[in-house]
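Asks: Let me give you the structure first, and then I'll get to my questions.
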There are 2 protein chains.
Amino acid sequence: MATRTSQAKQTGTPAAAQPKAHDFARPYTTVDVVIFTVLDDGLKVLLVQRPLNQGEPCPGKWALPGGFVDVELDSDLMACARRKLLEKTAVRSPYLEQLGSWGSATRDPRGWSATHAYFALIPAADLALAKGANAADVDWFQVDHLLQRPRLAFDHSEILQAAVERLRNKVEYTSLPAFLLAEPFTLPQLQKTYEIVLGRAVDKSGFRTRMLAADFLEEIGFVESPSNRPPMGYRLKDRSGPVIFPRTFSPRGGS
Amino acid sequence: MATRTSQAKQTGTPAAAQPKAHDFARPYTTVDVVIFTVLDDGLKVLLVQRPLNQGEPCPGKWALPGGFVDVELDSDLMACARRKLLEKTAVRSPYLEQLGSWGSATRDPRGWSATHAYFALIPAADLALAKGANAADVDWFQVDHLLQRPRLAFDHSEILQAAVERLRNKVEYTSLPAFLLAEPFTLPQLQKTYEIVLGRAVDKSGFRTRMLAADFLEEIGFVESPSNRPPMGYRLKDRSGPVIFPRTFSPRGGS
DNA sequence: GAAATAGTGTCTATGAGACACTATGCT
DNA sequence: AGCATAGTGTCTCATAGACACTATTTC
């Protein structure tokens with residue numbers, strides 16, 4: 001029992017004269033980040049083109065930004081994700097949430113590997129500054145196109161799909177889209193963001209009632225807009241996470 | 001940017017004459033499983049006592065069942081979780097869902113490690129058979145007690161807490177508790193299970209309407225009960241996963 | 001004043017919660 | 001008959017969706 005090959009960690013039986021289990025072959029440990037933004041009226045995701053070098057897997061294919069956990073640099077998984085994000089976007093404090101993990105013997109040709117996937121939301125406006133940091137092999141892609149024909153490296157298409165599902169789901173009952181906007185933002189802007197992510201229109205009146213009832217916005221004064229009546233600007237009362245609404249958005253609650 | 005120590009995997013820059021990044025130090029990769037059941041009118045979780053051997057971390061403490069991924073045995077993470085579950089409970093086809101991952105330099109004294117946590121639901125009835133497989137250092141613990149004073153090995157108290165939160169959350173809007181019952185079960189039994197997991201009573205009429213409207217149950221004929229009017233027995237139409245209800249349970253939906 | 005956008009009022013159908021009721025079997 | 005459990009009917013009130021309305025600015 002409890003030994004060797006498999007476990008040893010949480011086994012009841014004394015392990016006797018076995019080599020320590022944790023000296024056995026270890027899978028690779030990586031972190032990948034699905035970075036979303038709303039740009040040009042569309043939901044976009046950041047991808048990185050894989051190098052063409054010999055020995056690199058999936059050469060030339062587009063992939064999620066990510067890579068190996070660095071046991072020297074990264075104190076934990078989240079820190080590693082934040083580092084990857086910072087390297088690619090120069091954004092420091094995005095919304096960042098763990099998505100799940102994917103691990104198998106075959107997902108990376110180099111051997112058994114497990115990746116810890118995160119997803120991030122960043123305002124497109126924050127990127128202007130970061131342009132310098134963006135290399136030529138980094139670009140934003142329309143999410144819808146990527147879902148229609150999945151061609152990403154490794155199992156990244158699958159991970160992307162899971163991220164979009166999670167995002168779309170949560171948007172139905174949380175204030176997540178607010179993290180896709182730079183402050184101050186207006187309610188019409190926020191509504192537009194919801195509509196872009198959800199892929200459908202939502203009623204203005206209901207939307208406003210809902211947002212204000214959730215009590216997560218703070219008025220910041222009127223904001224100048226390209227034309228017409230000046231809208232109220234808002235910021236988040238608490239940037240540490242989204243608010244959860246009591247009910248869902250969908251038109252007919254139907255099962 | 002984008003080089004060395006850290007990545008190399010998804011970096012734009014040709015890695016030139018660097019040692020391959022994946023030859024660097026690798027974290028340990030483990031899987032832990034939070035196994036729930038409902039037993040004696042309480043929500044229980046399965047724990048394993050850690051061995052007392054020298055060199056083993058957290059000797060004598062109770063921990064979630066789990067251990068190192070075995071790159072020979074385990075084709076993927078889920079398979080690893082299923083294996084751990086089978087080893088401890090002899091249950092083959094439980095409800096099994098990924099919970100998240102926890103990884104840091106310090107969570108295991110042996111070094112940088114990342115665990116992939118899963119949670120499982122099994123009917124207590126299925127365990128009778130498994131008793132043989134259960135070693136002396138395995139036992140069921142009342143979840144509420146463990147949450148009140150967290151004393152588990154490693155960061156397992158944190159993982160358990162996350163699992164309970166996820167479970168309680170999902171129970172509000174899914175048919176998950178059905179996976180805690182052996183078939184056939186009755187609606188009163190199912191209701192009881194909901195109440196135990198949620199920690200509060202739910203209205204009978206509303207409960208039944210809801211369950212039947214969700215159309216995930218199949219009548220299996222009347223079932224003998226200890227007394228009185230015989231209830232209808234049901235089984236799941238689809239054991240592959242829970243149904244999601246359109247709305248939540250909570251009394252006042254209020255925000 | 002017209003146009004365009006921001007923001008509010010109001011009506012209604014739905015459906016969940018609450019609770020009273022009926023049904024069926026056991027002793 | 002009486003009790004205990006299984007199962008149903010019904011009333012009400014909150015609210016989400018729909019949509020019509022008002023408000024404030026620019027030209």
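Letters A, B, ... mark the chains of the structure tokens in the order given; residue numbers begin at 1 per chain; ligand numbers begin at 1, in order shown.
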Taking only segment 24-163 of chain A into account, list the residues labelled alpha helix (DSSP H) by DSSP (computed from the backbone), as a PyMOL selection string.

Replies: chain A and resi 77-89+127-130+143-148+156-163

Asks: Only residues of chain D matter here; which ones have an atom within 9 Å of chain B, counting only C-alpha atoms (C1' of nucleotides)? Give them as JSON, numbers by chain.

Replies: {"D": [4, 5, 6, 7, 8]}

Asks: Tell me which protein, DNA and RNA residues are within 10 Å of DC19 of chain D, counting only C-alpha atoms (C1' of nucleotides), leaving out same-chain ones fewer than 6 positions away, and put them as a PDB file with N, CA, C and O atoms (P, O5', C5', C4', C3', O3' and C1' of nucleotides), in the first residue's frame.

Replies:
ATOM      1  N   ASP A 203     -32.779  44.943 -21.707  1.00  0.00           N
ATOM      2  CA  ASP A 203     -33.647  46.105 -21.533  1.00  0.00           C
ATOM      3  C   ASP A 203     -32.974  47.157 -20.657  1.00  0.00           C
ATOM      4  O   ASP A 203     -32.430  46.852 -19.602  1.00  0.00           O
ATOM      5  N   SER A 205     -34.203  49.775 -18.896  1.00  0.00           N
ATOM      6  CA  SER A 205     -34.776  50.086 -17.592  1.00  0.00           C
ATOM      7  C   SER A 205     -34.445  49.005 -16.566  1.00  0.00           C
ATOM      8  O   SER A 205     -33.981  49.287 -15.462  1.00  0.00           O
TER       9      SER A 205
ATOM     10  P    DT C  10     -45.725  56.533 -12.577  1.00  0.00           P
ATOM     11  O5'  DT C  10     -46.024  55.218 -13.439  1.00  0.00           O
ATOM     12  C5'  DT C  10     -46.519  55.362 -14.756  1.00  0.00           C
ATOM     13  C4'  DT C  10     -46.956  54.008 -15.293  1.00  0.00           C
ATOM     14  C3'  DT C  10     -47.711  53.113 -14.299  1.00  0.00           C
ATOM     15  O3'  DT C  10     -48.666  52.398 -15.042  1.00  0.00           O
ATOM     16  C1'  DT C  10     -45.905  51.955 -15.126  1.00  0.00           C
ATOM     17  P    DC C  11     -49.974  51.772 -14.342  1.00  0.00           P
ATOM     18  O5'  DC C  11     -50.596  50.933 -15.565  1.00  0.00           O
ATOM     19  C5'  DC C  11     -49.867  50.849 -16.799  1.00  0.00           C
ATOM     20  C4'  DC C  11     -49.767  49.392 -17.233  1.00  0.00           C
ATOM     21  C3'  DC C  11     -50.673  48.417 -16.480  1.00  0.00           C
ATOM     22  O3'  DC C  11     -51.293  47.587 -17.441  1.00  0.00           O
ATOM     23  C1'  DC C  11     -48.414  47.685 -16.362  1.00  0.00           C
TER      24       DC C  11
END

Asks: Could the residues of chain C within 12 Å of chain B, counting only C-alpha atoms (C1' of nucleotides), be given as a PyMOL selection string, please?

Replies: chain C and resi 15-21+23-27

Asks: Restricted to N, CA and C atoms (P, O5', C5', C4', C3', O3' and C1' of nucleotides), what would the selected residues look like written as a PDB file, in the first residue's frame?

Replies:
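Output below, filename selection_8.pdb:
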ATOM      1  P    DG C  15     -43.497  30.895 -15.247  1.00  0.00           P
ATOM      2  O5'  DG C  15     -42.679  30.799 -13.891  1.00  0.00           O
ATOM      3  C5'  DG C  15     -42.080  31.963 -13.315  1.00  0.00           C
ATOM      4  C4'  DG C  15     -42.191  31.885 -11.824  1.00  0.00           C
ATOM      5  C3'  DG C  15     -42.472  30.482 -11.279  1.00  0.00           C
ATOM      6  O3'  DG C  15     -41.764  30.345 -10.077  1.00  0.00           O
ATOM      7  C1'  DG C  15     -44.070  31.932 -10.459  1.00  0.00           C
ATOM      8  P    DA C  16     -40.871  29.025  -9.839  1.00  0.00           P
ATOM      9  O5'  DA C  16     -40.147  29.361  -8.470  1.00  0.00           O
ATOM     10  C5'  DA C  16     -39.566  30.645  -8.287  1.00  0.00           C
ATOM     11  C4'  DA C  16     -39.980  31.215  -6.948  1.00  0.00           C
ATOM     12  C3'  DA C  16     -39.919  30.207  -5.801  1.00  0.00           C
ATOM     13  O3'  DA C  16     -39.424  30.861  -4.665  1.00  0.00           O
ATOM     14  C1'  DA C  16     -42.098  31.095  -5.943  1.00  0.00           C
ATOM     15  P    DG C  17     -38.836  30.008  -3.462  1.00  0.00           P
ATOM     16  O5'  DG C  17     -39.837  30.358  -2.280  1.00  0.00           O
ATOM     17  C5'  DG C  17     -39.915  31.706  -1.839  1.00  0.00           C
ATOM     18  C4'  DG C  17     -41.150  31.898  -0.990  1.00  0.00           C
ATOM     19  C3'  DG C  17     -41.276  30.946   0.203  1.00  0.00           C
ATOM     20  O3'  DG C  17     -41.569  31.738   1.329  1.00  0.00           O
ATOM     21  C1'  DG C  17     -43.275  30.925  -1.076  1.00  0.00           C
ATOM     22  P    DA C  18     -41.526  31.077   2.810  1.00  0.00           P
ATOM     23  O5'  DA C  18     -43.048  31.004   3.249  1.00  0.00           O
ATOM     24  C5'  DA C  18     -43.917  32.092   2.987  1.00  0.00           C
ATOM     25  C4'  DA C  18     -45.351  31.643   3.209  1.00  0.00           C
ATOM     26  C3'  DA C  18     -45.518  30.603   4.332  1.00  0.00           C
ATOM     27  O3'  DA C  18     -46.546  31.045   5.200  1.00  0.00           O
ATOM     28  C1'  DA C  18     -46.574  29.858   2.345  1.00  0.00           C
ATOM     29  P    DC C  19     -46.755  30.378   6.633  1.00  0.00           P
ATOM     30  O5'  DC C  19     -48.073  29.531   6.397  1.00  0.00           O
ATOM     31  C5'  DC C  19     -49.074  30.061   5.529  1.00  0.00           C
ATOM     32  C4'  DC C  19     -50.044  28.966   5.151  1.00  0.00           C
ATOM     33  C3'  DC C  19     -50.157  27.806   6.158  1.00  0.00           C
ATOM     34  O3'  DC C  19     -51.516  27.440   6.227  1.00  0.00           O
ATOM     35  C1'  DC C  19     -49.863  26.972   4.052  1.00  0.00           C
ATOM     36  P    DA C  20     -52.207  26.998   7.586  1.00  0.00           P
ATOM     37  O5'  DA C  20     -53.656  26.636   7.046  1.00  0.00           O
ATOM     38  C5'  DA C  20     -54.186  27.374   5.932  1.00  0.00           C
ATOM     39  C4'  DA C  20     -54.852  26.430   4.945  1.00  0.00           C
ATOM     40  C3'  DA C  20     -55.617  25.273   5.595  1.00  0.00           C
ATOM     41  O3'  DA C  20     -56.837  25.080   4.906  1.00  0.00           O
ATOM     42  C1'  DA C  20     -54.065  24.434   4.048  1.00  0.00           C
ATOM     43  P    DC C  21     -57.977  24.133   5.578  1.00  0.00           P
ATOM     44  O5'  DC C  21     -57.928  22.829   4.658  1.00  0.00           O
ATOM     45  C5'  DC C  21     -58.327  22.948   3.304  1.00  0.00           C
ATOM     46  C4'  DC C  21     -57.642  21.891   2.477  1.00  0.00           C
ATOM     47  C3'  DC C  21     -58.085  20.452   2.768  1.00  0.00           C
ATOM     48  O3'  DC C  21     -59.188  20.128   1.913  1.00  0.00           O
ATOM     49  C1'  DC C  21     -55.757  20.662   2.221  1.00  0.00           C
ATOM     50  P    DA C  23     -59.088  13.186  -1.600  1.00  0.00           P
ATOM     51  O5'  DA C  23     -57.691  12.474  -1.353  1.00  0.00           O
ATOM     52  C5'  DA C  23     -56.727  12.517  -2.397  1.00  0.00           C
ATOM     53  C4'  DA C  23     -55.694  11.438  -2.177  1.00  0.00           C
ATOM     54  C3'  DA C  23     -56.266  10.052  -1.930  1.00  0.00           C
ATOM     55  O3'  DA C  23     -55.482   9.146  -2.691  1.00  0.00           O
ATOM     56  C1'  DA C  23     -54.831  10.641  -0.153  1.00  0.00           C
ATOM     57  P    DT C  24     -55.963   7.677  -2.865  1.00  0.00           P
ATOM     58  O5'  DT C  24     -55.024   6.928  -1.833  1.00  0.00           O
ATOM     59  C5'  DT C  24     -53.619   6.931  -2.080  1.00  0.00           C
ATOM     60  C4'  DT C  24     -52.927   6.259  -0.916  1.00  0.00           C
ATOM     61  C3'  DT C  24     -53.526   4.917  -0.533  1.00  0.00           C
ATOM     62  O3'  DT C  24     -52.459   3.988  -0.475  1.00  0.00           O
ATOM     63  C1'  DT C  24     -53.221   6.253   1.367  1.00  0.00           C
ATOM     64  P    DG C  25     -52.751   2.440  -0.695  1.00  0.00           P
ATOM     65  O5'  DG C  25     -52.139   1.822   0.642  1.00  0.00           O
ATOM     66  C5'  DG C  25     -50.743   1.977   0.879  1.00  0.00           C
ATOM     67  C4'  DG C  25     -50.520   2.127   2.351  1.00  0.00           C
ATOM     68  C3'  DG C  25     -50.894   0.899   3.181  1.00  0.00           C
ATOM     69  O3'  DG C  25     -49.711   0.297   3.664  1.00  0.00           O
ATOM     70  C1'  DG C  25     -51.557   2.931   4.221  1.00  0.00           C
ATOM     71  P    DC C  26     -49.762  -1.120   4.366  1.00  0.00           P
ATOM     72  O5'  DC C  26     -49.676  -0.713   5.903  1.00  0.00           O
ATOM     73  C5'  DC C  26     -48.484  -0.102   6.378  1.00  0.00           C
ATOM     74  C4'  DC C  26     -48.672   0.260   7.835  1.00  0.00           C
ATOM     75  C3'  DC C  26     -49.081  -0.928   8.709  1.00  0.00           C
ATOM     76  O3'  DC C  26     -48.136  -1.072   9.754  1.00  0.00           O
ATOM     77  C1'  DC C  26     -50.564   0.920   9.038  1.00  0.00           C
ATOM     78  P    DT C  27     -48.212  -2.380  10.677  1.00  0.00           P
ATOM     79  O5'  DT C  27     -49.157  -1.894  11.860  1.00  0.00           O
ATOM     80  C5'  DT C  27     -48.756  -0.790  12.663  1.00  0.00           C
ATOM     81  C4'  DT C  27     -49.774  -0.547  13.755  1.00  0.00           C
ATOM     82  C3'  DT C  27     -50.267  -1.803  14.439  1.00  0.00           C
ATOM     83  O3'  DT C  27     -50.316  -1.611  15.834  1.00  0.00           O
ATOM     84  C1'  DT C  27     -52.099  -0.536  13.665  1.00  0.00           C
TER      85       DT C  27
END
